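What follows is the content of upload.txt, which has compact mmCIF, C-alpha atoms:
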```txt
# COMPACT_ATOMS: atom_id res chain seq x y z
CA THR S 1 -5.76 40.35 36.64
CA ILE S 2 -7.22 40.78 33.16
CA SER S 3 -6.87 43.85 30.96
CA GLU S 4 -7.77 44.78 27.37
CA SER S 5 -4.52 46.67 26.84
CA GLY S 6 -0.88 45.73 26.83
CA PRO S 7 2.25 45.67 24.68
CA ALA S 8 1.54 45.46 20.94
CA PRO S 9 1.51 41.97 19.41
CA PRO S 10 4.59 40.83 17.48
CA ASP S 11 4.77 41.29 13.73
CA ASP S 12 2.30 39.12 11.71
CA PHE S 13 0.16 38.52 14.83
CA GLN S 14 -2.91 40.26 16.18
CA ALA S 15 -4.95 40.20 19.37
CA GLY S 16 -8.37 38.62 19.51
CA SER S 17 -11.65 40.41 19.71
CA PRO S 18 -11.78 41.63 22.41
CA ALA S 19 -8.07 41.91 23.15
CA VAL S 20 -7.21 40.27 26.49
CA TYR S 21 -3.98 40.46 28.48
CA TYR S 22 -3.31 38.44 31.64
CA ASP S 23 -1.15 39.40 34.61
CA ILE S 24 -0.46 36.24 36.61
CA THR S 25 1.48 36.38 39.88
CA THR S 26 1.95 34.10 42.87
CA THR S 27 3.50 34.33 46.31
CA ALA S 28 4.62 30.70 46.06
CA ALA S 29 8.22 29.88 45.36
CA PHE S 30 8.94 27.49 42.48
CA THR S 31 11.79 26.25 40.37
CA GLY S 32 11.81 24.87 36.85
CA THR S 33 8.92 25.34 34.47
CA VAL S 34 5.30 26.28 34.96
CA THR S 35 2.45 25.26 32.64
CA VAL S 36 -0.06 28.04 32.07
CA CYS S 37 -3.47 27.25 30.47
CA LEU S 38 -5.96 29.94 29.49
CA ASN S 39 -9.53 29.62 28.21
CA TYR S 40 -10.39 31.71 25.15
CA ALA S 41 -14.17 31.16 25.10
CA GLY S 42 -15.87 34.36 24.00
CA ILE S 43 -12.80 35.69 22.19
CA THR S 44 -12.74 35.67 18.40
CA PHE S 45 -9.45 35.05 16.58
CA SER S 46 -8.63 35.19 12.87
CA GLY S 47 -6.92 31.83 13.18
CA THR S 48 -5.73 29.36 15.79
CA PRO S 49 -4.70 31.25 18.96
CA ALA S 50 -1.21 30.97 20.44
CA LEU S 51 -0.06 31.77 23.99
CA PHE S 52 2.64 34.44 24.33
CA HIS S 53 4.74 35.42 27.36
CA TYR S 54 6.31 38.86 27.65
CA GLU S 55 10.04 38.40 28.30
CA ASN S 56 12.82 41.01 28.09
CA ALA S 57 10.50 43.55 26.46
CA ALA S 58 9.37 41.15 23.75
CA TRP S 59 6.59 38.67 23.25
CA VAL S 60 7.72 34.99 23.11
CA ASN S 61 5.47 32.23 21.74
CA ILE S 62 5.37 29.57 24.46
CA THR S 63 2.44 27.55 23.07
CA GLN S 64 2.55 23.85 23.91
CA SER S 65 -0.99 22.75 22.96
CA VAL S 66 -4.33 24.07 21.73
CA ASP S 67 -7.55 22.27 22.70
CA ALA S 68 -10.03 23.64 20.15
CA ALA S 69 -12.90 21.56 21.52
CA ASN S 70 -12.61 23.10 24.99
CA GLN S 71 -11.14 26.40 23.75
CA VAL S 72 -8.03 26.16 25.93
CA VAL S 73 -4.46 27.07 24.98
CA CYS S 74 -1.49 26.00 27.13
CA GLY S 75 2.15 27.04 27.26
CA VAL S 76 5.28 26.36 29.30
CA THR S 77 7.33 29.12 30.92
CA THR S 78 9.93 29.62 33.65
CA SER S 79 8.48 32.90 34.90
CA LEU S 80 5.13 34.69 35.19
CA SER S 81 3.44 37.88 33.99
CA PRO S 82 2.31 39.08 31.63
CA PHE S 83 0.59 36.76 29.11
CA ALA S 84 -1.61 37.25 26.05
CA MET S 85 -3.18 35.21 23.28
CA PHE S 86 -2.59 36.26 19.68
CA SER S 87 -3.31 34.67 16.31
CA SER S 88 -1.62 35.07 12.97
CA ALA S 89 -2.54 38.30 11.21
CA ARG S 90 -2.04 36.70 7.81
CA VAL S 91 -5.20 36.29 5.75
CA ASN S 92 -5.92 32.62 5.15
CA LEU S 93 -6.31 31.89 1.44
CA ALA S 94 -8.22 28.87 0.21
CA PRO S 95 -6.28 25.88 -1.09
CA THR S 96 -6.54 24.58 -4.67
CA ALA S 97 -7.87 21.08 -5.32
CA SER S 98 -7.09 18.70 -8.18
CA ALA S 99 -9.09 15.47 -8.54
CA GLY S 100 -6.79 14.10 -11.25
CA GLY S 101 -8.08 12.13 -14.20
CA PRO S 102 -9.79 11.75 -16.50
CA TYR S 103 -10.16 8.12 -15.48
CA GLN S 104 -11.33 5.05 -17.41
CA VAL S 105 -12.51 1.67 -16.14
CA SER S 106 -14.26 -1.37 -17.56
CA GLU S 107 -17.76 -2.08 -16.27
CA GLY S 108 -17.59 -4.32 -13.22
CA GLY S 109 -13.99 -3.24 -12.53
CA SER S 110 -12.39 -0.62 -10.30
CA VAL S 111 -10.02 2.29 -10.77
CA ALA S 112 -7.66 4.05 -8.36
CA LEU S 113 -8.26 7.78 -7.90
CA ALA S 114 -5.45 10.11 -6.80
CA ALA S 115 -6.02 13.69 -5.62
CA SER S 116 -3.59 16.50 -5.00
CA GLY S 117 -3.83 19.98 -3.53
CA SER S 118 -1.79 23.08 -2.87
CA ASP S 119 -2.08 25.88 -0.33
CA PRO S 120 -0.61 29.38 -0.77
CA GLU S 121 0.45 29.48 2.88
CA GLY S 122 1.69 25.90 2.93
CA ARG S 123 -0.97 24.88 5.44
CA THR S 124 -1.75 21.28 6.31
CA LEU S 125 -4.37 19.85 3.94
CA SER S 126 -6.96 17.10 4.31
CA TYR S 127 -8.83 15.34 1.51
CA ALA S 128 -12.24 13.73 1.01
CA TRP S 129 -14.08 12.22 -2.00
CA ASP S 130 -17.74 12.22 -3.05
CA LEU S 131 -17.87 9.05 -5.15
CA ASN S 132 -21.65 8.81 -5.66
CA ASN S 133 -22.30 12.45 -6.53
CA ASP S 134 -24.67 13.05 -3.62
CA GLY S 135 -22.89 16.13 -2.30
CA ILE S 136 -21.48 14.30 0.73
CA PHE S 137 -17.71 13.76 0.89
CA GLU S 138 -17.85 10.38 2.55
CA THR S 139 -14.47 8.87 1.62
CA THR S 140 -11.48 10.46 3.34
CA GLY S 141 -7.92 10.48 2.06
CA ALA S 142 -6.16 11.69 -1.07
CA ASN S 143 -6.45 8.25 -2.66
CA ALA S 144 -9.69 6.36 -3.22
CA THR S 145 -11.01 3.42 -5.25
CA PHE S 146 -14.03 3.76 -7.53
CA SER S 147 -15.96 0.53 -8.18
CA ALA S 148 -17.72 0.54 -11.54
CA ALA S 149 -20.84 -1.46 -10.73
CA ILE S 150 -22.47 0.45 -13.58
CA ASP S 151 -23.60 -0.66 -17.02
CA GLY S 152 -21.23 0.73 -19.63
CA PRO S 153 -20.68 2.63 -21.75
CA ALA S 154 -21.33 5.48 -19.32
CA SER S 155 -19.72 8.56 -17.87
CA VAL S 156 -19.92 9.60 -14.21
CA THR S 157 -18.60 12.57 -12.26
CA VAL S 158 -16.86 12.31 -8.90
CA ALA S 159 -15.82 15.21 -6.67
CA MET S 160 -12.86 15.74 -4.36
CA GLN S 161 -12.64 18.35 -1.59
CA VAL S 162 -9.41 19.64 -0.08
CA THR S 163 -9.52 21.59 3.21
CA ASP S 164 -6.74 23.50 4.96
CA ASP S 165 -6.27 23.67 8.74
CA GLY S 166 -8.03 27.02 8.71
CA GLN S 167 -11.17 25.26 7.44
CA LEU S 168 -11.11 26.79 3.96
CA SER S 169 -11.91 24.36 1.17
CA ASP S 170 -11.84 23.90 -2.58
CA VAL S 171 -13.62 21.29 -4.70
CA ASP S 172 -12.59 19.76 -8.02
CA THR S 173 -14.37 17.15 -10.15
CA ALA S 174 -13.18 14.37 -12.44
CA ILE S 175 -14.85 12.33 -15.17
CA ILE S 176 -14.77 8.54 -15.05
CA THR S 177 -15.57 6.78 -18.31
CA ILE S 178 -17.06 3.29 -17.90
CA VAL S 179 -16.29 1.09 -20.89
CA ASN S 180 -18.58 -1.73 -22.03
CA VAL S 181 -17.11 -5.23 -21.72
CA PRO S 182 -18.17 -7.71 -24.43
CA PRO S 183 -19.55 -11.11 -23.41
CA ALA S 184 -16.94 -13.79 -22.73
CA VAL S 185 -18.30 -16.92 -24.39
CA GLY S 186 -17.27 -20.33 -23.11
CA ALA S 187 -16.83 -23.54 -25.07
CA ILE S 188 -19.87 -25.04 -26.80
CA THR S 189 -21.27 -28.11 -25.09
CA LEU S 190 -22.18 -30.69 -27.76
CA ALA S 191 -21.84 -34.45 -28.06
CA SER S 192 -18.77 -35.49 -30.04
CA GLY S 193 -20.85 -37.31 -32.70
CA PRO S 194 -20.83 -38.20 -35.47
CA PHE S 195 -24.49 -37.28 -35.89
CA LEU S 196 -26.93 -38.90 -38.27
CA ILE S 197 -28.85 -37.11 -40.97
CA GLY S 198 -32.20 -36.12 -39.47
CA GLU S 199 -30.91 -36.35 -35.91
CA SER S 200 -31.36 -33.31 -33.66
CA VAL S 201 -28.09 -31.53 -32.92
CA ALA S 202 -28.54 -29.51 -29.69
CA PRO S 203 -25.56 -27.32 -28.71
CA SER S 204 -25.51 -25.08 -25.62
CA VAL S 205 -23.14 -22.48 -24.26
CA THR S 206 -22.60 -20.29 -21.20
CA PHE S 207 -21.09 -16.81 -21.17
CA ALA S 208 -20.07 -14.12 -18.71
CA ASP S 209 -20.70 -10.37 -18.76
CA PRO S 210 -19.92 -7.93 -15.92
CA GLY S 211 -22.67 -5.63 -17.21
CA THR S 212 -25.45 -6.94 -14.98
CA ALA S 213 -28.06 -4.85 -16.78
CA ASP S 214 -27.03 -5.99 -20.27
CA ARG S 215 -29.46 -7.89 -22.49
CA HIS S 216 -28.09 -10.43 -24.94
CA THR S 217 -28.86 -12.07 -28.26
CA ALA S 218 -27.32 -15.38 -29.34
CA VAL S 219 -27.03 -16.15 -33.05
CA TRP S 220 -26.32 -19.79 -33.96
CA SER S 221 -24.76 -20.69 -37.30
CA TRP S 222 -24.79 -24.22 -38.68
CA GLY S 223 -22.40 -24.21 -41.62
CA ASP S 224 -24.78 -25.91 -44.03
CA GLY S 225 -26.24 -22.87 -45.74
CA THR S 226 -29.43 -22.80 -43.70
CA PRO S 227 -30.47 -19.54 -41.97
CA ASP S 228 -28.96 -18.70 -38.60
CA THR S 229 -31.00 -19.35 -35.48
CA VAL S 230 -31.53 -16.16 -33.47
CA GLN S 231 -32.20 -16.52 -29.74
CA VAL S 232 -33.08 -13.58 -27.46
CA VAL S 233 -31.56 -14.44 -24.08
CA GLU S 234 -33.69 -13.71 -21.04
CA LEU S 235 -32.43 -10.79 -18.91
CA GLY S 236 -30.06 -12.01 -16.22
CA THR S 237 -29.53 -15.36 -17.95
CA ARG S 238 -26.01 -16.20 -19.05
CA SER S 239 -26.64 -19.27 -21.22
CA ALA S 240 -28.01 -20.07 -24.66
CA SER S 241 -29.02 -23.23 -26.51
CA ALA S 242 -30.52 -24.26 -29.85
CA ASP S 243 -31.16 -27.34 -31.99
CA HIS S 244 -30.74 -28.13 -35.66
CA VAL S 245 -31.28 -31.04 -38.05
CA TYR S 246 -28.81 -31.59 -40.89
CA ALA S 247 -30.18 -32.83 -44.22
CA ALA S 248 -26.88 -33.90 -45.76
CA PRO S 249 -23.66 -35.51 -44.62
CA GLY S 250 -20.45 -33.58 -44.14
CA SER S 251 -18.26 -31.72 -41.68
CA PHE S 252 -19.94 -28.60 -40.32
CA ALA S 253 -18.87 -25.70 -38.12
CA VAL S 254 -21.42 -25.07 -35.36
CA GLY S 255 -20.89 -21.53 -34.08
CA VAL S 256 -22.54 -19.00 -31.78
CA THR S 257 -22.10 -15.24 -31.46
CA VAL S 258 -23.41 -13.53 -28.32
CA THR S 259 -24.04 -9.77 -28.58
CA ASP S 260 -24.92 -7.45 -25.70
CA ASP S 261 -27.24 -4.47 -26.04
CA ASP S 262 -24.22 -2.15 -26.29
CA GLY S 263 -22.81 -3.92 -29.36
CA GLY S 264 -20.13 -5.99 -27.62
CA THR S 265 -19.74 -9.48 -29.08
CA GLY S 266 -18.12 -12.78 -28.21
CA SER S 267 -18.15 -15.97 -30.26
CA THR S 268 -16.97 -19.57 -30.42
CA GLN S 269 -17.48 -22.64 -32.61
CA VAL S 270 -16.90 -26.39 -32.87
CA THR S 271 -16.82 -28.77 -35.85
CA ARG S 272 -18.99 -31.88 -36.02
CA THR S 273 -19.50 -34.63 -38.60
CA VAL S 274 -22.87 -35.72 -39.98
CA ILE S 275 -23.23 -39.14 -41.67
CA TYR S 276 -25.86 -41.38 -43.24
CA LYS S 277 -27.52 -44.08 -41.23
CA LEU S 278 -27.05 -47.55 -42.70
CA CYS S 279 -30.34 -49.45 -42.87
CA LEU S 280 -30.41 -53.24 -43.39
CA ARG S 281 -32.74 -54.61 -46.06
CA TYR S 282 -32.39 -58.19 -44.84
CA ASP S 283 -32.99 -60.07 -41.60
CA PRO S 284 -29.61 -60.79 -40.04
CA ASP S 285 -31.27 -63.07 -37.48
CA ARG S 286 -33.01 -65.40 -39.97
CA PRO S 287 -31.55 -68.94 -39.82
CA VAL S 288 -30.01 -70.24 -43.07
CA ARG S 289 -28.78 -73.61 -44.28
CA ALA S 290 -25.09 -74.33 -43.99
CA GLY S 291 -23.31 -73.56 -47.22
CA ALA S 292 -26.05 -71.26 -48.45
CA THR S 293 -25.37 -67.78 -49.80
CA ILE S 294 -26.82 -64.89 -47.82
CA PRO S 295 -27.80 -61.85 -49.85
CA ILE S 296 -26.72 -58.66 -48.02
CA ARG S 297 -28.89 -55.70 -48.96
CA LEU S 298 -28.26 -52.24 -47.54
CA GLN S 299 -29.55 -48.73 -48.07
CA ILE S 300 -28.59 -45.31 -46.73
CA CYS S 301 -31.25 -43.53 -44.74
CA THR S 302 -32.04 -40.86 -42.17
CA ALA S 303 -31.99 -41.31 -38.43
CA ALA S 304 -35.72 -42.10 -38.67
CA GLY S 305 -35.11 -44.77 -41.34
CA ASP S 306 -36.26 -42.79 -44.37
CA ASN S 307 -34.52 -44.07 -47.51
CA LEU S 308 -32.00 -41.69 -49.05
CA SER S 309 -30.53 -44.12 -51.59
CA SER S 310 -30.15 -42.86 -55.14
CA ALA S 311 -27.98 -43.37 -58.16
CA GLN S 312 -26.17 -40.16 -57.31
CA VAL S 313 -25.03 -41.56 -53.95
CA PRO S 314 -22.98 -44.73 -54.59
CA LEU S 315 -22.58 -47.20 -51.72
CA HIS S 316 -19.36 -49.17 -51.59
CA VAL S 317 -18.55 -52.28 -49.58
CA VAL S 318 -15.13 -51.75 -47.98
CA SER S 319 -14.81 -55.08 -46.14
CA ASN S 320 -15.01 -58.68 -47.29
CA PRO S 321 -18.21 -60.67 -46.71
CA ILE S 322 -18.14 -63.19 -43.90
CA THR S 323 -17.89 -66.79 -45.16
```

Same coordinates, now as structure tokens:
Amino acid sequence: TISESGPAPPDDFQAGSPAVYYDITTTAAFTGTVTVCLNYAGITFSGTPALFHYENAAWVNITQSVDAANQVVCGVTTSLSPFAMFSSARVNLAPTASAGGPYQVSEGGSVALAASGSDPEGRTLSYAWDLNNDGIFETTGANATFSAAIDGPASVTVAMQVTDDGQLSDVDTAIITIVNVPPAVGAITLASGPFLIGESVAPSVTFADPGTADRHTAVWSWGDGTPDTVQVVELGTRSASADHVYAAPGSFAVGVTVTDDDGGTGSTQVTRTVIYKLCLRYDPDRPVRAGATIPIRLQICTAAGDNLSSAQVPLHVVSNPIT
């Protein structure tokens, strides 16, 4: 039989709305324990209901399981009558969330996020993160990983929600600073030389940058006092090349500095030697009479054969003539 009245609930507990008491009897004989399951559909509780059995003029909590989906609470007892369902009379207070941080990560990298929470009643807490700031807490767990597939420098906000087992929640946010990463410039590709005056010197280089949206400028320096060569690199391209013609001999540093649109720079250089071309002013293939003297005439010139000889540039023979 079911009644809306019965012995008062124990301290810190209260009946549901409406209050329901159950008097369960049987004419069957039994030994050991009995499992009693009651449905609480249509009854409103302040919290999770528990099943109580009245024993020796006192209510005893005999709850074994609560099936919230089917609204059924079960308990185990050794005797019958009476029974009632009560829930805690304590007011559930919301937990407090902490998303941690602030956090910092380089563009293209990832950073570990760690949340914490506290509950005034010591209830069980669950955690979830909103990593893309769309209002949906799609990543469960107190710990999460944020992938910075974002062009830096930038600042983004992530949110963390903590929920107690009474379904009260609190939300906290954290700032993640994304730091720009400068281009990483590889070694210059250039023939070992030496190069001739007037010959085209064509270096090239590749570089890496995790900022996929970054634009780059490559500035080539030649070491001979001529102006730098500025190259605007096409978006998405990670290579640069240039060419230069040296007008004088010497040892020159060929360098390149790659700068992204956020001011990050990377650079490298190599040293190459430039020399005169030696042009023959005689025909080495012309037949001569045995014992005759062969006049050897030379001049210094460019790669194209243009004469660069002058009194200011002495030419010395450093090996003996063939006899």

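Distances here use all atoms listed in the file; by that measure, the residue among S:Leu235, S:Phe252, S:Asp224, S:Val179 closest to Pro194 in chain S is S:Phe252.
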
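For the residues S:Ala29, S:Val36, S:Ala112, S:Ala57, ranking by smallest atom-to-atom distance to Thr77 in chain S using all atoms listed in the file places S:Val36 first.
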
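With all atoms listed in the file as the atoms that count, the residue of S:Asn132, S:Gln104, S:Asn307, S:Thr217 with the shortest distance to Thr257 in chain S is S:Thr217.
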
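Proximity ranking of S:Glu199, S:Glu121, S:Asp172, S:Asp67 relative to Ala248 in chain S places S:Glu199 first, based on all atoms listed in the file.
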
**Report entry** Shell of 10 Å around Asp306 in chain S, only C-alpha atoms, local chain residues under 5 positions omitted, as a list in words
**Finding:** Ile197, Gly198, Lys277, Cys279, Gln299, Ile300 and Cys301 of chain S

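Compared by their closest atoms to Gly152 in chain S, and using all atoms listed in the file, the residues S:Leu125, S:Val181, S:Ile176, S:Val60 rank with S:Val181 nearest.
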
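Here CA of Glu55 in chain S is placed at a distance of 22.8 Å from CA of Pro18 in chain S.
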
Report task. Between S:Asn39, S:Thr33, S:Asn133, S:Thr140, single out the one closest to Thr157 in chain S, counting all atoms listed in the file. Result -> S:Asn133

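When the distance limit is 7 Å and only C-alpha atoms are what count, the residues near Leu80 in chain S, minus those fewer than 2 positions from it on the same chain, are Ile24, Thr25 and Pro82 of chain S.
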
Written file, previous selection with C-alpha atoms, as a CSV table (one decimal), in the frame of the given file:
```
chain,number,residue,atom,x,y,z
S,24,ILE,CA,-0.5,36.2,36.6
S,25,THR,CA,1.5,36.4,39.9
S,82,PRO,CA,2.3,39.1,31.6
```

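One distance worth recording is that between CA of Leu51 in chain S and CA of Gly166 in chain S, which is 17.9 Å.
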
Using the atoms already present, construct all heavy atoms for range 34-45 of chain S and hand them back as a short mmCIF file (atom, residue, chain, number, x, y, z; two decimals), keeping the file's coordinate frame.
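The resulting file, selection_37.cif, is reproduced below:
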```cif
data_model
loop_
_atom_site.label_atom_id
_atom_site.label_comp_id
_atom_site.auth_asym_id
_atom_site.auth_seq_id
_atom_site.Cartn_x
_atom_site.Cartn_y
_atom_site.Cartn_z
N VAL S 34 6.71 26.19 34.56
CA VAL S 34 5.30 26.28 34.96
C VAL S 34 4.46 26.16 33.69
O VAL S 34 4.77 26.77 32.66
CB VAL S 34 5.01 27.62 35.66
CG1 VAL S 34 3.52 27.76 35.94
CG2 VAL S 34 5.81 27.74 36.93
N THR S 35 3.40 25.37 33.75
CA THR S 35 2.45 25.26 32.64
C THR S 35 1.28 26.20 32.90
O THR S 35 0.64 26.12 33.96
CB THR S 35 1.94 23.82 32.47
OG1 THR S 35 3.05 22.98 32.18
CG2 THR S 35 0.93 23.73 31.34
N VAL S 36 1.03 27.08 31.97
CA VAL S 36 -0.06 28.04 32.07
C VAL S 36 -1.10 27.70 31.01
O VAL S 36 -0.76 27.57 29.82
CB VAL S 36 0.44 29.49 31.88
CG1 VAL S 36 -0.72 30.48 31.91
CG2 VAL S 36 1.48 29.82 32.93
N CYS S 37 -2.38 27.54 31.40
CA CYS S 37 -3.47 27.25 30.47
C CYS S 37 -4.54 28.32 30.61
O CYS S 37 -4.97 28.64 31.73
CB CYS S 37 -4.09 25.88 30.75
SG CYS S 37 -2.97 24.50 30.41
N LEU S 38 -4.95 28.89 29.49
CA LEU S 38 -5.96 29.94 29.49
C LEU S 38 -7.11 29.56 28.58
O LEU S 38 -6.91 28.98 27.51
CB LEU S 38 -5.35 31.27 29.03
CG LEU S 38 -4.23 31.84 29.90
CD1 LEU S 38 -3.63 33.08 29.27
CD2 LEU S 38 -4.74 32.15 31.31
N ASN S 39 -8.33 29.89 28.99
CA ASN S 39 -9.53 29.62 28.21
C ASN S 39 -9.85 30.84 27.34
O ASN S 39 -9.84 31.97 27.82
CB ASN S 39 -10.70 29.31 29.15
CG ASN S 39 -11.93 28.86 28.39
OD1 ASN S 39 -12.58 29.67 27.74
ND2 ASN S 39 -12.25 27.59 28.48
N TYR S 40 -10.11 30.59 26.04
CA TYR S 40 -10.39 31.71 25.15
C TYR S 40 -11.84 31.73 24.67
O TYR S 40 -12.17 32.32 23.63
CB TYR S 40 -9.43 31.73 23.97
CG TYR S 40 -9.41 30.49 23.10
CD1 TYR S 40 -10.28 30.37 22.01
CD2 TYR S 40 -8.51 29.47 23.34
CE1 TYR S 40 -10.23 29.25 21.20
CE2 TYR S 40 -8.46 28.34 22.55
CZ TYR S 40 -9.32 28.23 21.46
OH TYR S 40 -9.29 27.11 20.66
N ALA S 41 -12.75 31.10 25.45
CA ALA S 41 -14.17 31.16 25.10
C ALA S 41 -14.64 32.61 25.12
O ALA S 41 -14.30 33.38 26.02
CB ALA S 41 -14.99 30.33 26.08
N GLY S 42 -15.37 33.01 24.09
CA GLY S 42 -15.87 34.36 24.00
C GLY S 42 -14.95 35.33 23.30
O GLY S 42 -15.28 36.50 23.12
N ILE S 43 -13.76 34.84 22.91
CA ILE S 43 -12.80 35.69 22.19
C ILE S 43 -12.71 35.17 20.75
O ILE S 43 -12.56 33.97 20.52
CB ILE S 43 -11.42 35.65 22.86
CG1 ILE S 43 -11.52 36.01 24.34
CG2 ILE S 43 -10.45 36.59 22.14
CD1 ILE S 43 -10.22 35.82 25.11
N THR S 44 -12.79 36.05 19.80
CA THR S 44 -12.74 35.67 18.40
C THR S 44 -11.35 35.94 17.84
O THR S 44 -10.80 37.03 18.01
CB THR S 44 -13.77 36.47 17.58
OG1 THR S 44 -15.08 36.22 18.11
CG2 THR S 44 -13.73 36.06 16.12
N PHE S 45 -10.77 34.93 17.19
CA PHE S 45 -9.45 35.05 16.58
C PHE S 45 -9.56 34.82 15.07
O PHE S 45 -10.45 34.11 14.59
CB PHE S 45 -8.47 34.05 17.18
CG PHE S 45 -8.12 34.31 18.62
CD1 PHE S 45 -8.81 33.68 19.65
CD2 PHE S 45 -7.11 35.21 18.94
CE1 PHE S 45 -8.50 33.93 20.97
CE2 PHE S 45 -6.80 35.46 20.27
CZ PHE S 45 -7.49 34.83 21.28
#
```
